[in-house]
Amino acid sequence: MSVGTPKSLPTSGQKSINDISHPLSYEEGVLTPSPELPNTSSIGEKDLSLPNGTPVDTSSPASSSSLLNRLQLDDDLDGETRDLFVTVDDPKKHVSTMETYITYRVNTKTTRAEFDLPEYSVRRRYQDFDWLRNKLEETQPTHLIPPLPEKFVVKGVVDRFSEEFVETRRKALDKFLKRIADHPVLSFNDHFNVFLSAKDLSSYKKQGLALLSKMGESVKYVTGGYKLRCRPVEFAAMGDYLDTFVLKLGTIDRIAQRIIKEQAEYLVELREYGPIYLSWANAEDEELQKPLEGVAGCVSSCSTALEELTEDMSEDFLPVLREYVLYIESMKNVLKKRDQVQAEYEVKLEAAALKREERQAVPTDVEKCQDRVECFNADLKADWDRWQNNKRQDFRQLLIGMADKNIQYYEKLRQAKIAVMHECAQVTSFRERHSPPSLSNSCHARISVILRLH
C-alpha cells in the first residue's frame, strides 16, 4: 500500500476553541432602522433580491404535501422523518480520444409530489456536481451550501484514477448530496430536482451563463469603497469561531499527515523485516527454527494491522477534516454575502435619512433591503445551528471510530506477541529438559534478543 501525503494546512495558534462561546449564545444584534423611517417587514415579497441582482427564494414549496414534508424535516433535525433518499455508488471510468473521466451513479427514492417518478438512477461526473453547487449558490445565496471535494489533486501525490482516490471522492459526493437532501430548503430547489432526475444536463447547463458576469459587476459595486459599520455580535462571534476552528483543524490535519507518513515508512521496513527471520529460520535447527518462524509471523501480523490502521486514517479521518475546512470556507463566504446585504442597507438608510431631511419621499427599496437583511440573518442562523449539530455528530462518530481502530490495532499487536512468546517458551522448556544448563541459557538469551529486537 502506498500512502500519499496530502498538502499541509496552516498550523494552529495557542487559543483553544473552548475559549470561544457558542455564537448563538450571545444576544442577538438586531439592525434597527432610523426611527424616522417606517419599519415595515415584507420578507414574503416575490421581488426580493441580493445587491448583486440574485433573487432570494423565500417562497414555500410548490405543493401542500411538500409543505408538510418541510415541516416534518424542520421538526426532526435528526432526519428520522425523511421523504428523499439519495446515494452515490458504482464509479466507472470513461476513456475517449478527448478526455478520461469518472462517472458516478446517483440513485434517488422519494415520495415527493415534485418528482414525476418515485425512483431515479442517473450517471453524473464531477463537473455535474460542481454545476449543481454553483446553481445552489446562485439561487439560495442566504443558505450554507455543503462543500464539494476539491477537483484538483497535487500531481505526483495522488492518482485521481486510482481505486483509493475514486472511492474517497465517491464517499464525499455521496455526503454532499445527502446533506442537501436533508436540508429543509435546499432539497426543494429546482436545480436539485433536475440534477437527480434528468438523464442529460447539457440543455440545463447552457441556461443562465450570462448571469455570472452580471453578478461579478454588481458585487464590485456593493463592496467598493463602503466599510461596514458594525457586524452584529452574534455574526462576529461566528467569524471568530470559524477562524479558531480552522486553525485547530489545520494543526490536527498536519500532525495526522505526519503520522501517516511515518507509518508508511515503518510499514516498508516491517515488510522487509519479516522475511529475514524466515530465511534465518531455514539455517537453524528445529528448536530455534520455530521461534524464528513465530517472530516472522508476528511481524507479518503487525504489518497487516498497521496497514489497516493507516488506511483508516487516510480514507476516513483525513477526508472529514478536509471537508470541514472547506465547510468553513463556505460559511465565511455566506457571512461575507450577509455583510454585503447589510452594507447595502446601511447605504440606502443613510441616503433615505438625507432625503427625509430634505422632505423628499422615502424610497420603498429601503424597506425591501431591510427585509433582505432580516431574511439573510434568519437563514444564516438556522443553517449555523444545523451545521453545529452535524459537526458534533460527525466528529463524535469520527473520534470514537478512530479510538476503536487504535484499540483494535494494539490488541492485534498484543495477540501476535503472546503467540510468539508461547512458541519461545515451549522451546525454552524443551531445552531446559534436554540440554546442559549453559546451552539452555544461551538459547534463552538468543530468543530474548529476538523479542527485544522486535
# chains A, B, ... in the order shown; residues from 1 in each chain; ligands from 1
$ select_by_dssp --residues "stretch 106-182 of chain A" --states "strand (DSSP E or B)" --output "list in words"
Val106, Asn107, Thr108, Lys109, Thr110, Glu119, Tyr120, Ser121, Val122, Arg123, Arg124 and Arg125 of chain A
$ atom_distance --atom1 "atom CA of A:Phe85" --atom2 "atom CA of A:Thr110"
6.3 Å
$ select_by_dssp --residues "stretch 178-360 of chain A" --states "alpha helix (DSSP H)" --output "ChimeraX atom specification"
/A:178-181,190-197,202-205,210-223,233-281,286-312,318-357
$ closest_atom_pairs --of "stretch 188-303 of chain A" --to "stretch 396-419 of chain A" --cutoff "8 Å" --atoms "only C-alpha atoms" --output "tab-separated table"
residue	atom	partner	partner_atom	distance
A:Gly294	CA	A:Ala419	CA	7.4
A:Gly297	CA	A:Ala416	CA	7.8
A:Cys298	CA	A:Ala416	CA	5.0
A:Ser301	CA	A:Ala416	CA	6.5
A:Cys302	CA	A:Leu413	CA	5.7
$ closest_residue --among "A:Lys368, A:Arg231, A:Lys205, A:His94" --to "A:Lys348" --atoms "only C-alpha atoms"
A:Lys368
